[in-house]
>>> print(open('final_20.cif').read())   # mmCIF, C-alpha atoms
data_run
#
loop_
_atom_site.label_atom_id
_atom_site.label_comp_id
_atom_site.auth_asym_id
_atom_site.auth_seq_id
_atom_site.Cartn_x
_atom_site.Cartn_y
_atom_site.Cartn_z
CA MET Y 1 103.69 68.24 94.66
CA PHE Y 2 101.21 66.71 97.11
CA TYR Y 3 100.24 68.16 100.43
CA LYS Y 4 98.80 66.74 103.61
CA TYR Y 5 96.90 68.65 106.27
CA PHE Y 6 98.13 68.34 109.85
CA PRO Y 7 95.29 69.26 112.21
CA GLY Y 8 97.56 69.58 115.27
CA THR Y 9 99.67 72.36 113.87
CA ASN Y 10 97.09 73.53 111.33
CA THR Y 11 99.64 73.40 108.56
CA PHE Y 12 100.19 71.76 105.24
CA ALA Y 13 103.34 69.85 104.49
CA ALA Y 14 104.70 68.16 101.41
CA THR Y 15 103.89 64.47 101.34
CA SER Y 16 103.67 61.50 99.00
CA GLN Y 17 100.88 61.18 96.50
CA GLN Y 18 99.31 58.31 98.38
CA ALA Y 19 99.44 59.84 101.83
CA ALA Y 20 97.73 62.93 100.41
CA TYR Y 21 94.73 60.88 99.28
CA TYR Y 22 94.70 58.36 102.12
CA PRO Y 23 96.03 60.05 105.21
CA GLN Y 24 96.77 57.29 107.68
CA GLY Y 25 96.40 57.52 111.40
CA LEU Y 26 94.27 56.40 114.26
CA ARG Y 27 92.33 59.66 114.58
CA PRO Y 28 89.93 60.61 111.81
CA LEU Y 29 90.31 64.12 110.44
CA PRO Y 30 88.16 66.67 112.28
CA THR Y 31 84.87 67.47 110.58
CA THR Y 32 85.12 71.22 111.21
CA GLU Y 33 85.54 73.67 108.34
CA LEU Y 34 89.04 73.51 107.01
CA PRO Y 35 90.98 76.60 106.09
CA THR Y 36 91.40 77.36 102.42
CA MET Y 37 94.47 75.75 101.04
CA ILE Y 38 97.12 78.16 99.86
CA TYR Y 39 99.51 76.42 97.56
CA GLU Y 40 101.61 79.34 96.47
CA SER Y 41 104.15 80.74 98.89
CA SER Y 42 107.42 82.61 98.87
CA LYS Y 43 109.17 79.27 98.30
CA VAL Y 44 106.64 77.59 96.03
CA LYS Y 45 105.78 79.26 92.72
CA PHE Y 46 103.40 77.79 90.23
CA SER Y 47 104.20 77.33 86.61
CA LYS Y 48 101.64 78.39 84.04
CA ALA Y 49 100.66 74.80 83.15
CA SER Y 50 99.78 73.75 86.69
CA ALA Y 51 97.92 77.05 87.28
CA VAL Y 52 95.65 76.20 84.35
CA ALA Y 53 95.11 72.71 85.68
CA ALA Y 54 94.31 74.05 89.13
CA ALA Y 55 91.79 76.52 87.72
CA LYS Y 56 90.10 73.74 85.75
CA ALA Y 57 89.57 71.49 88.75
CA PRO Y 58 90.36 73.02 92.14
CA PRO Y 59 91.28 70.17 94.53
CA THR Y 60 89.28 70.21 97.74
CA MET Y 61 90.08 68.76 101.12
CA ALA Y 62 87.20 66.50 102.14
CA SER Y 63 86.53 65.80 105.79
CA LYS Y 64 86.98 62.09 105.08
CA PRO Y 65 89.30 60.53 102.52
CA ALA Y 66 87.25 60.37 99.35
CA PRO Y 67 86.99 57.12 97.41
CA MET Y 68 89.59 56.80 94.71
CA SER Y 69 87.17 57.15 91.80
CA THR Y 70 85.76 60.54 92.84
CA ALA Y 71 89.10 61.86 94.01
CA ALA Y 72 90.73 60.87 90.74
CA SER Y 73 87.97 62.37 88.61
CA LYS Y 74 88.36 65.75 90.30
CA LEU Y 75 92.03 65.88 89.52
CA ASP Y 76 94.02 66.30 86.40
CA ALA Y 77 94.01 63.27 84.14
CA ARG Y 78 97.81 63.18 84.13
CA VAL Y 79 97.90 62.32 87.83
CA ASP Y 80 99.22 58.80 88.13
CA VAL Y 81 97.69 57.05 91.09
CA SER Y 82 99.13 53.75 92.30
CA LYS Y 83 97.06 50.81 91.12
CA THR Y 84 97.17 49.13 94.47
CA ALA Y 85 95.99 52.15 96.43
CA GLY Y 86 92.42 51.92 95.30
CA ASN Y 87 92.18 48.20 94.71
CA PRO Y 88 88.48 47.39 95.24
CA ARG Y 89 89.14 43.91 96.66
CA ILE Y 90 91.50 45.30 99.30
CA LYS Y 91 89.03 48.09 100.15
CA GLN Y 92 86.32 45.46 100.62
CA LEU Y 93 88.53 43.36 102.89
CA GLN Y 94 89.62 46.47 104.82
CA GLU Y 95 85.95 47.22 105.52
CA LEU Y 96 85.38 43.63 106.67
CA PHE Y 97 88.41 43.60 108.96
CA THR Y 98 87.81 47.02 110.53
CA LYS Y 99 84.16 46.25 111.44
CA PRO Y 100 84.00 46.81 115.23
CA ASP Y 101 82.21 43.54 116.06
CA GLY Y 102 84.55 42.37 118.80
CA VAL Y 103 85.62 39.24 116.87
CA PRO Y 104 89.37 38.61 117.34
CA ILE Y 105 91.62 38.89 114.31
CA HIS Y 106 92.15 35.13 113.92
CA LEU Y 107 88.40 34.50 113.45
CA LYS Y 108 87.42 37.66 111.60
CA ARG Y 109 87.19 36.10 108.14
CA GLY Y 110 84.44 33.63 109.13
CA ALA Y 111 83.97 29.90 108.49
CA VAL Y 112 87.44 29.12 107.04
CA ASP Y 113 89.10 30.78 110.03
CA ARG Y 114 86.94 28.85 112.50
CA VAL Y 115 87.71 25.51 110.79
CA LEU Y 116 91.47 26.18 110.76
CA PHE Y 117 91.44 27.42 114.37
CA SER Y 118 89.41 24.52 115.74
CA SER Y 119 91.41 21.87 113.86
CA THR Y 120 94.62 23.41 115.26
CA MET Y 121 93.11 23.30 118.75
CA VAL Y 122 91.97 19.66 118.37
CA LEU Y 123 95.45 18.69 117.14
CA CYS Y 124 96.95 20.51 120.14
CA GLY Y 125 94.75 18.47 122.49
CA ILE Y 126 95.88 15.24 120.81
CA CYS Y 127 99.50 16.41 120.91
CA VAL Y 128 99.45 17.22 124.65
CA ALA Y 129 97.85 13.85 125.49
CA TYR Y 130 100.22 11.93 123.22
CA THR Y 131 103.26 13.77 124.62
CA ALA Y 132 102.17 13.03 128.20
CA TYR Y 133 101.68 9.36 127.28
CA THR Y 134 105.08 9.24 125.53
CA ILE Y 135 106.92 10.74 128.48
CA TYR Y 136 105.19 8.35 130.91
CA ASP Y 137 105.83 5.39 128.62
CA MET Y 138 109.52 6.20 128.29
CA ALA Y 139 109.95 6.95 132.00
CA PHE Y 140 108.30 3.68 133.09
CA PRO Y 141 108.89 1.24 130.23
CA LYS Y 142 107.13 -2.12 130.29
CA LYS Y 143 109.47 -4.86 131.44
CA SER Y 144 110.25 -7.27 128.62
CA GLN Y 145 109.20 -10.84 129.42
CA MET V 1 90.25 52.17 115.51
CA THR V 2 88.75 55.31 117.02
CA GLY V 3 89.19 56.10 120.68
CA HIS V 4 92.90 55.23 120.73
CA PHE V 5 94.97 58.37 121.06
CA HIS V 6 98.37 56.76 120.56
CA PRO V 7 100.12 55.26 117.54
CA TYR V 8 100.86 51.85 119.09
CA HIS V 9 99.26 48.54 118.21
CA LEU V 10 97.65 46.75 121.15
CA VAL V 11 97.24 43.24 119.80
CA ASP V 12 94.16 41.02 120.25
CA GLN V 13 94.32 38.02 122.56
CA SER V 14 95.97 35.36 120.43
CA PRO V 15 95.99 31.55 120.70
CA TRP V 16 99.16 31.20 118.60
CA PRO V 17 101.85 31.47 121.32
CA LEU V 18 100.12 28.59 123.13
CA THR V 19 99.72 26.40 120.04
CA ALA V 20 103.34 27.12 119.03
CA ALA V 21 104.51 26.04 122.48
CA ILE V 22 102.42 22.84 122.35
CA GLY V 23 103.74 22.10 118.87
CA ALA V 24 107.34 22.60 120.00
CA PHE V 25 106.70 20.39 123.04
CA GLY V 26 105.34 17.58 120.84
CA LEU V 27 108.13 18.03 118.30
CA THR V 28 110.94 17.69 120.87
CA ALA V 29 109.31 14.82 122.78
CA GLY V 30 108.50 13.17 119.44
CA LEU V 31 112.11 13.51 118.29
CA VAL V 32 113.36 11.82 121.47
CA LYS V 33 110.81 9.03 121.00
CA GLY V 34 111.75 8.74 117.32
CA PHE V 35 115.47 8.44 118.08
CA HIS V 36 114.60 5.86 120.74
CA ASN V 37 112.31 3.50 118.82
CA SER V 38 111.93 4.96 115.28
CA ASN V 39 108.31 5.97 115.85
CA PHE V 40 108.11 9.56 114.59
CA ASN V 41 104.30 10.00 114.75
CA LEU V 42 104.37 12.49 117.64
CA CYS V 43 107.21 14.38 115.97
CA PHE V 44 105.13 14.82 112.81
CA ILE V 45 102.05 15.94 114.79
CA GLY V 46 104.18 18.56 116.55
CA LEU V 47 105.71 19.70 113.26
CA PHE V 48 102.28 19.96 111.63
CA ILE V 49 100.96 22.07 114.55
CA ILE V 50 103.96 24.41 114.20
CA ILE V 51 103.33 24.76 110.45
CA LEU V 52 99.62 25.48 111.03
CA THR V 53 100.53 28.02 113.73
CA MET V 54 103.08 29.76 111.52
CA PHE V 55 100.56 30.06 108.71
CA GLN V 56 97.79 31.47 110.89
CA TRP V 57 99.99 33.74 113.00
CA TRP V 58 101.67 35.43 110.05
CA ARG V 59 98.32 35.56 108.22
CA ASP V 60 96.99 37.54 111.21
CA VAL V 61 100.00 39.88 111.18
CA SER V 62 99.44 40.66 107.49
CA ARG V 63 95.73 41.21 108.21
CA GLU V 64 96.61 43.68 110.96
CA GLY V 65 99.05 45.54 108.72
CA THR V 66 97.28 45.46 105.38
CA LEU V 67 93.60 45.26 106.25
CA GLN V 68 93.32 46.99 109.62
CA GLY V 69 95.89 49.75 109.15
CA LEU V 70 97.46 49.03 112.54
CA HIS V 71 101.04 49.19 111.29
CA THR V 72 101.56 52.91 111.86
CA ASN V 73 104.95 54.56 111.53
CA ALA V 74 105.67 53.87 115.21
CA VAL V 75 104.72 50.19 114.84
CA GLU V 76 106.73 49.82 111.64
CA PHE V 77 109.73 51.36 113.43
CA GLY V 78 109.48 48.53 115.98
CA LEU V 79 109.12 45.91 113.25
CA ARG V 80 112.23 47.26 111.52
CA TRP V 81 114.28 47.06 114.70
CA GLY V 82 112.92 43.59 115.38
CA MET V 83 114.08 42.41 111.97
CA ILE V 84 117.48 44.13 112.33
CA LEU V 85 118.10 42.44 115.69
CA PHE V 86 116.89 39.09 114.35
CA ILE V 87 119.33 39.28 111.45
CA LEU V 88 122.09 40.35 113.87
CA SER V 89 121.41 37.22 115.93
CA GLU V 90 121.64 35.17 112.74
CA VAL V 91 124.98 36.80 111.92
CA LEU V 92 126.30 35.72 115.33
CA PHE V 93 124.91 32.21 114.77
CA PHE V 94 126.99 31.88 111.59
CA PHE V 95 129.94 33.60 113.28
CA SER V 96 130.21 30.63 115.63
CA PHE V 97 130.48 28.18 112.71
CA PHE V 98 133.19 30.28 111.08
CA TRP V 99 134.97 30.39 114.43
CA ALA V 100 134.88 26.58 114.60
CA PHE V 101 136.15 26.35 111.01
CA PHE V 102 139.06 28.76 111.48
CA HIS V 103 139.91 27.28 114.88
CA SER V 104 140.29 23.85 113.26
CA SER V 105 141.86 24.91 109.98
CA LEU V 106 144.37 27.58 111.02
CA SER V 107 146.36 25.15 113.19
CA PRO V 108 145.35 21.65 112.08
CA THR V 109 146.05 19.06 114.73
CA ILE V 110 148.44 16.16 114.33
CA GLU V 111 145.44 13.79 114.04
CA LEU V 112 144.46 15.59 110.80
CA GLY V 113 147.97 15.16 109.44
CA SER V 114 148.88 18.75 110.47
CA CYS V 115 147.50 19.98 107.19
CA TRP V 116 144.28 21.45 105.78
CA PRO V 117 142.27 19.97 104.14
CA PRO V 118 143.05 16.97 106.39
CA VAL V 119 144.81 13.92 104.97
CA GLY V 120 142.41 11.84 102.90
CA VAL V 121 139.84 14.60 102.39
CA ASP V 122 139.31 15.46 98.75
CA ALA V 123 137.77 18.96 98.84
CA PHE V 124 135.45 20.45 96.20
CA ASN V 125 136.88 22.50 93.38
CA PRO V 126 135.58 25.98 94.31
CA PHE V 127 135.57 27.16 90.70
CA GLN V 128 132.99 24.67 89.46
CA VAL V 129 129.52 24.48 91.05
CA PRO V 130 130.35 26.74 94.06
CA LEU V 131 131.34 29.58 91.72
CA LEU V 132 128.11 29.07 89.75
CA ASN V 133 126.22 29.23 93.06
CA THR V 134 127.96 32.52 93.86
CA ALA V 135 126.84 33.93 90.51
CA VAL V 136 123.28 32.67 91.07
CA LEU V 137 123.00 34.31 94.50
CA LEU V 138 124.55 37.59 93.32
CA ALA V 139 122.10 37.64 90.39
CA SER V 140 119.21 37.02 92.79
CA GLY V 141 120.40 40.02 94.83
CA VAL V 142 120.08 42.11 91.67
CA THR V 143 116.59 40.80 90.85
CA VAL V 144 115.30 41.42 94.39
CA THR V 145 116.49 45.04 94.10
CA TRP V 146 114.78 45.25 90.72
CA ALA V 147 111.57 44.00 92.39
CA HIS V 148 111.89 46.57 95.18
CA HIS V 149 112.35 49.51 92.83
CA SER V 150 109.48 48.30 90.63
CA LEU V 151 107.31 48.21 93.75
CA ILE V 152 108.34 51.76 94.71
CA GLU V 153 107.48 52.85 91.16
CA SER V 154 104.06 51.12 91.45
CA ASN V 155 104.95 48.85 88.56
CA PHE V 156 102.88 45.80 89.41
CA ASN V 157 103.96 43.49 86.58
CA GLU V 158 107.70 44.11 86.84
CA THR V 159 107.56 43.54 90.59
CA SER V 160 105.91 40.17 89.93
CA TYR V 161 108.45 39.16 87.27
CA ALA V 162 111.47 40.22 89.30
CA LEU V 163 110.19 38.54 92.45
CA LEU V 164 109.38 35.34 90.57
CA LEU V 165 112.87 35.39 89.05
CA THR V 166 114.41 35.82 92.53
CA VAL V 167 112.44 32.87 93.89
CA MET V 168 113.46 30.75 90.89
CA LEU V 169 117.15 31.63 91.39
CA GLY V 170 116.79 30.66 95.06
CA ILE V 171 115.31 27.28 94.08
CA TYR V 172 118.08 26.81 91.47
CA PHE V 173 120.71 27.45 94.16
CA THR V 174 119.09 24.83 96.41
CA ILE V 175 118.98 22.26 93.58
CA LEU V 176 122.68 22.86 92.82
CA GLN V 177 123.58 22.41 96.48
CA VAL V 178 121.59 19.17 96.65
CA PHE V 179 123.52 17.79 93.64
CA GLU V 180 126.78 18.96 95.21
CA TYR V 181 125.93 17.16 98.47
CA TYR V 182 125.08 13.95 96.58
CA GLN V 183 128.40 14.02 94.79
CA ALA V 184 130.51 14.99 97.81
CA PRO V 185 133.55 12.73 98.18
CA PHE V 186 133.49 13.24 101.99
CA SER V 187 130.73 13.08 104.59
CA ILE V 188 129.82 14.94 107.78
CA ALA V 189 131.61 12.12 109.65
CA ASP V 190 134.94 12.71 107.84
CA SER V 191 136.97 14.56 110.46
CA VAL V 192 136.44 18.14 111.58
CA TYR V 193 136.62 19.18 107.91
CA GLY V 194 133.39 17.32 107.09
CA SER V 195 131.73 18.51 110.31
CA THR V 196 132.49 22.21 109.86
CA PHE V 197 131.82 22.06 106.12
CA PHE V 198 128.41 20.40 106.30
CA VAL V 199 127.20 22.23 109.41
CA ALA V 200 128.09 25.65 107.96
CA THR V 201 126.92 25.04 104.39
CA GLY V 202 123.92 22.99 105.60
CA PHE V 203 122.66 25.77 107.86
CA HIS V 204 123.25 28.23 105.04
CA GLY V 205 121.20 26.00 102.72
CA LEU V 206 118.42 25.91 105.33
CA HIS V 207 118.47 29.71 105.44
CA VAL V 208 118.28 29.88 101.64
CA ILE V 209 115.16 27.69 101.79
CA ILE V 210 113.65 29.95 104.49
CA GLY V 211 114.53 33.08 102.48
CA THR V 212 113.05 31.59 99.30
CA THR V 213 109.83 30.77 101.18
CA PHE V 214 109.75 34.30 102.63
CA LEU V 215 110.11 35.79 99.11
CA LEU V 216 107.51 33.37 97.73
CA ILE V 217 105.02 34.52 100.39
CA CYS V 218 105.83 38.11 99.37
CA LEU V 219 105.06 37.16 95.75
CA PHE V 220 101.69 35.72 96.79
CA ARG V 221 100.93 38.80 98.88
CA HIS V 222 101.96 41.04 95.98
CA THR V 223 99.54 39.28 93.61
CA LEU V 224 96.82 39.89 96.24
CA ASN V 225 97.70 43.63 96.17
CA HIS V 226 98.91 43.68 99.77
CA PHE V 227 101.83 46.00 99.05
CA SER V 228 101.60 49.68 98.20
CA SER V 229 104.42 51.76 96.81
CA ASN V 230 105.22 53.37 100.18
CA HIS V 231 104.10 50.69 102.67
CA HIS V 232 105.58 47.24 102.11
CA PHE V 233 107.76 46.32 105.07
CA GLY V 234 107.00 42.61 104.68
CA PHE V 235 108.77 42.70 101.34
CA GLU V 236 111.64 44.81 102.67
CA ALA V 237 112.23 42.36 105.52
CA ALA V 238 112.36 39.49 103.00
CA ALA V 239 114.85 41.47 100.89
CA TRP V 240 117.05 42.21 103.92
CA TYR V 241 117.00 38.55 104.87
CA TRP V 242 117.88 37.55 101.31
CA HIS V 243 120.85 39.92 101.21
CA PHE V 244 122.00 38.51 104.56
CA VAL V 245 121.89 34.95 103.13
CA ASP V 246 123.79 36.20 100.08
CA VAL V 247 126.56 37.79 102.19
CA VAL V 248 126.92 34.64 104.34
CA TRP V 249 127.42 32.66 101.12
CA LEU V 250 130.18 35.03 99.98
CA PHE V 251 132.03 34.38 103.25
CA LEU V 252 131.41 30.63 102.94
CA PHE V 253 132.66 30.62 99.38
CA VAL V 254 135.79 32.64 100.05
CA SER V 255 136.84 30.99 103.30
CA ILE V 256 135.51 27.42 103.36
CA TYR V 257 135.28 26.54 99.66
CA TRP V 258 138.19 28.56 98.27
CA TRP V 259 140.79 29.23 100.98
CA GLY V 260 139.85 26.01 102.81
CA SER V 261 140.47 23.85 99.75
CA CYS V 262 144.01 25.09 99.08
CA LEU V 263 146.33 22.50 100.62
CA PHE V 264 148.75 23.79 103.20
CA SER V 265 150.59 22.12 106.05
CA MET V 266 152.00 23.33 109.32
#
>>> encode(input="final_20.cif", output="structure tokens")
Amino acid sequence: MFYKYFPGTNTFAATSQQAAYYPQGLRPLPTTELPTMIYESSKVKFSKASAVAAAKAPPTMASKPAPMSTAASKLDARVDVSKTAGNPRIKQLQELFTKPDGVPIHLKRGAVDRVLFSSTMVLCGICVAYTAYTIYDMAFPKKSQ
Amino acid sequence: MTGHFHPYHLVDQSPWPLTAAIGAFGLTAGLVKGFHNSNFNLCFIGLFIIILTMFQWWRDVSREGTLQGLHTNAVEFGLRWGMILFILSEVLFFFSFFWAFFHSSLSPTIELGSCWPPVGVDAFNPFQVPLLNTAVLLASGVTVTWAHHSLIESNFNETSYALLLTVMLGIYFTILQVFEYYQAPFSIADSVYGSTFFVATGFHGLHVIIGTTFLLICLFRHTLNHFSSNHHFGFEAAAWYWHFVDVVWLFLFVSIYWWGSCLFSM
């Protein structure tokens, strides 16, 4: 079972494995002290095996989502985390694309984006001029001698 | 991303609607010019601009979803409905071709010989290549489901294999249709039979090519780790589209190829 903390209602709810490690949303989690997580309830009872695992490495709720490597090391080795969730290349690109530098999305990657964008724009200029010429040429065709 | 207290995605200013419009303008004017004096240069410039725009626009959408985390649940809900309504519009598009086919075939006019297929039209045997095509598309429906479940299970390799197999089956279908068209004993100009047959199956073939491209892009994105086990709407949209293409083929096969090839007269 995986749980996710909902700051609005101050509750935990069952969630997917991935959402538990990488809670998505536009608001970062508050940095205030979080209440101690209580897993066991009248509905949820722990088996002996998971109690042992929990005692060995108590999972903690960090104020920010922890990087995959540290989060995974704190947990039981049996936990199967999706390969794609912590892909380093994607993480790197996510950092690049979420940098608040005011550059619009179509130019964010750098030189390649600028070359593609400007060649599209140049072609558009040519296209508009050529279309205007074509329409004029077909509307007022040259008289054949 | 901080400072926004709502789940919606307010997009950046984008040049792509403008470039798409300019490309479409050049394409249509270029087509008219091409039909007039066989000079298709402007047409190709317009087409190239549209291809460049499509690439960059959809590249930006996948950046926003995968790399900026802007496709929240609320945004994805909108994307889902967008895709559902798009496919619905495609269903109605094909509905009109079936309407034309049944209108012409259910009461064949005296000019056709009051029979269907019309006099002189030698229709395809539906139980040769068309039946093989049916099997190919049904099999590709299975493999795309295999790919989806592998993705949900975070099985990277099986997703790749199944998706590659789906794309290959799509290409195989297209190759078979091309051979079938080459060998057709009638043309699009052979009465309303040829018109309805080639317009309906031709547009279906075009949609198969679009669906195959869509799935191929998903395969590329999958190899770049764009899809996670619980967030992969791009793939799901491609799968929906593929199933739609599959279902249209079943209707084409049953009504135009099979029922439409059995000779009957009024």
>>> interface_residues(input="final_20.cif", of="chain V", to="chain Y", cutoff="6 Å", atoms="only C-alpha atoms", output="MDAnalysis selection string")
chainID V and resid 1 26 67:68 154 225 228
>>> atom_distance(input="final_20.cif", atom1="CA of Asn230 in chain V", atom2="CA of Thr143 in chain V")
19.3 Å
>>> atom_distance(input="final_20.cif", atom1="CA of Phe233 in chain V", atom2="CA of Leu137 in chain V")
22.1 Å
>>> atom_distance(input="final_20.cif", atom1="CA of Phe173 in chain V", atom2="CA of Val199 in chain V")
17.4 Å
>>> residues_around(input="final_20.cif", residues="Ser114 in chain V", least_positions_apart="3", cutoff="6 Å", atoms="all atoms listed in the file", output="list in words")
Pro108, Thr109, Ile110, Ser265 and Met266 of chain V
>>> residues_around(input="final_20.cif", residues="Val119 in chain V", least_positions_apart="6", cutoff="12 Å", atoms="all atoms listed in the file", output="PyMOL selection string")
chain V and resi 108-113+186+190-193+263-265
>>> residues_near_point(input="final_20.cif", point="(107.1, 13.0, 119.6)", cutoff="9 Å", atoms="only C-alpha atoms", output="PyMOL selection string")
(chain Y and resi 127+130-131+134) or (chain V and resi 25-34+39-46)
>>> write_last_selection(input="final_20.cif", atoms="C-alpha atoms", output="tab-separated table (two decimals), keeping the file's coordinate frame")
chain	number	residue	atom	x	y	z
Y	127	CYS	CA	99.50	16.41	120.91
Y	130	TYR	CA	100.22	11.93	123.22
Y	131	THR	CA	103.26	13.77	124.62
Y	134	THR	CA	105.08	9.24	125.53
V	25	PHE	CA	106.70	20.39	123.04
V	26	GLY	CA	105.34	17.58	120.84
V	27	LEU	CA	108.13	18.03	118.30
V	28	THR	CA	110.94	17.69	120.87
V	29	ALA	CA	109.31	14.82	122.78
V	30	GLY	CA	108.50	13.17	119.44
V	31	LEU	CA	112.11	13.51	118.29
V	32	VAL	CA	113.36	11.82	121.47
V	33	LYS	CA	110.81	9.03	121.00
V	34	GLY	CA	111.75	8.74	117.32
V	39	ASN	CA	108.31	5.97	115.85
V	40	PHE	CA	108.11	9.56	114.59
V	41	ASN	CA	104.30	10.00	114.75
V	42	LEU	CA	104.37	12.49	117.64
V	43	CYS	CA	107.21	14.38	115.97
V	44	PHE	CA	105.13	14.82	112.81
V	45	ILE	CA	102.05	15.94	114.79
V	46	GLY	CA	104.18	18.56	116.55
>>> resolve_selection(input="final_20.cif", expression="the PyMOL selection byres ((chain V and resi 175-177) around 12)", output="VMD selection string")
chain V and resid 128 to 134 136 to 137 168 to 174 178 to 184 198 201 to 206 208 to 209 249
>>> residues_around(input="final_20.cif", residues="Ala238 in chain V", least_positions_apart="4", cutoff="8 Å", atoms="all atoms listed in the file", output="PyMOL selection string")
chain V and resi 211+214-215+218+234+242
>>> residues_near_point(input="final_20.cif", point="(106.8, 39.6, 114.9)", cutoff="10 Å", atoms="all atoms listed in the file", output="list of chain:residue names")
V:Trp57, V:Trp58, V:Val61, V:Gly78, V:Leu79, V:Arg80, V:Gly82, V:Met83
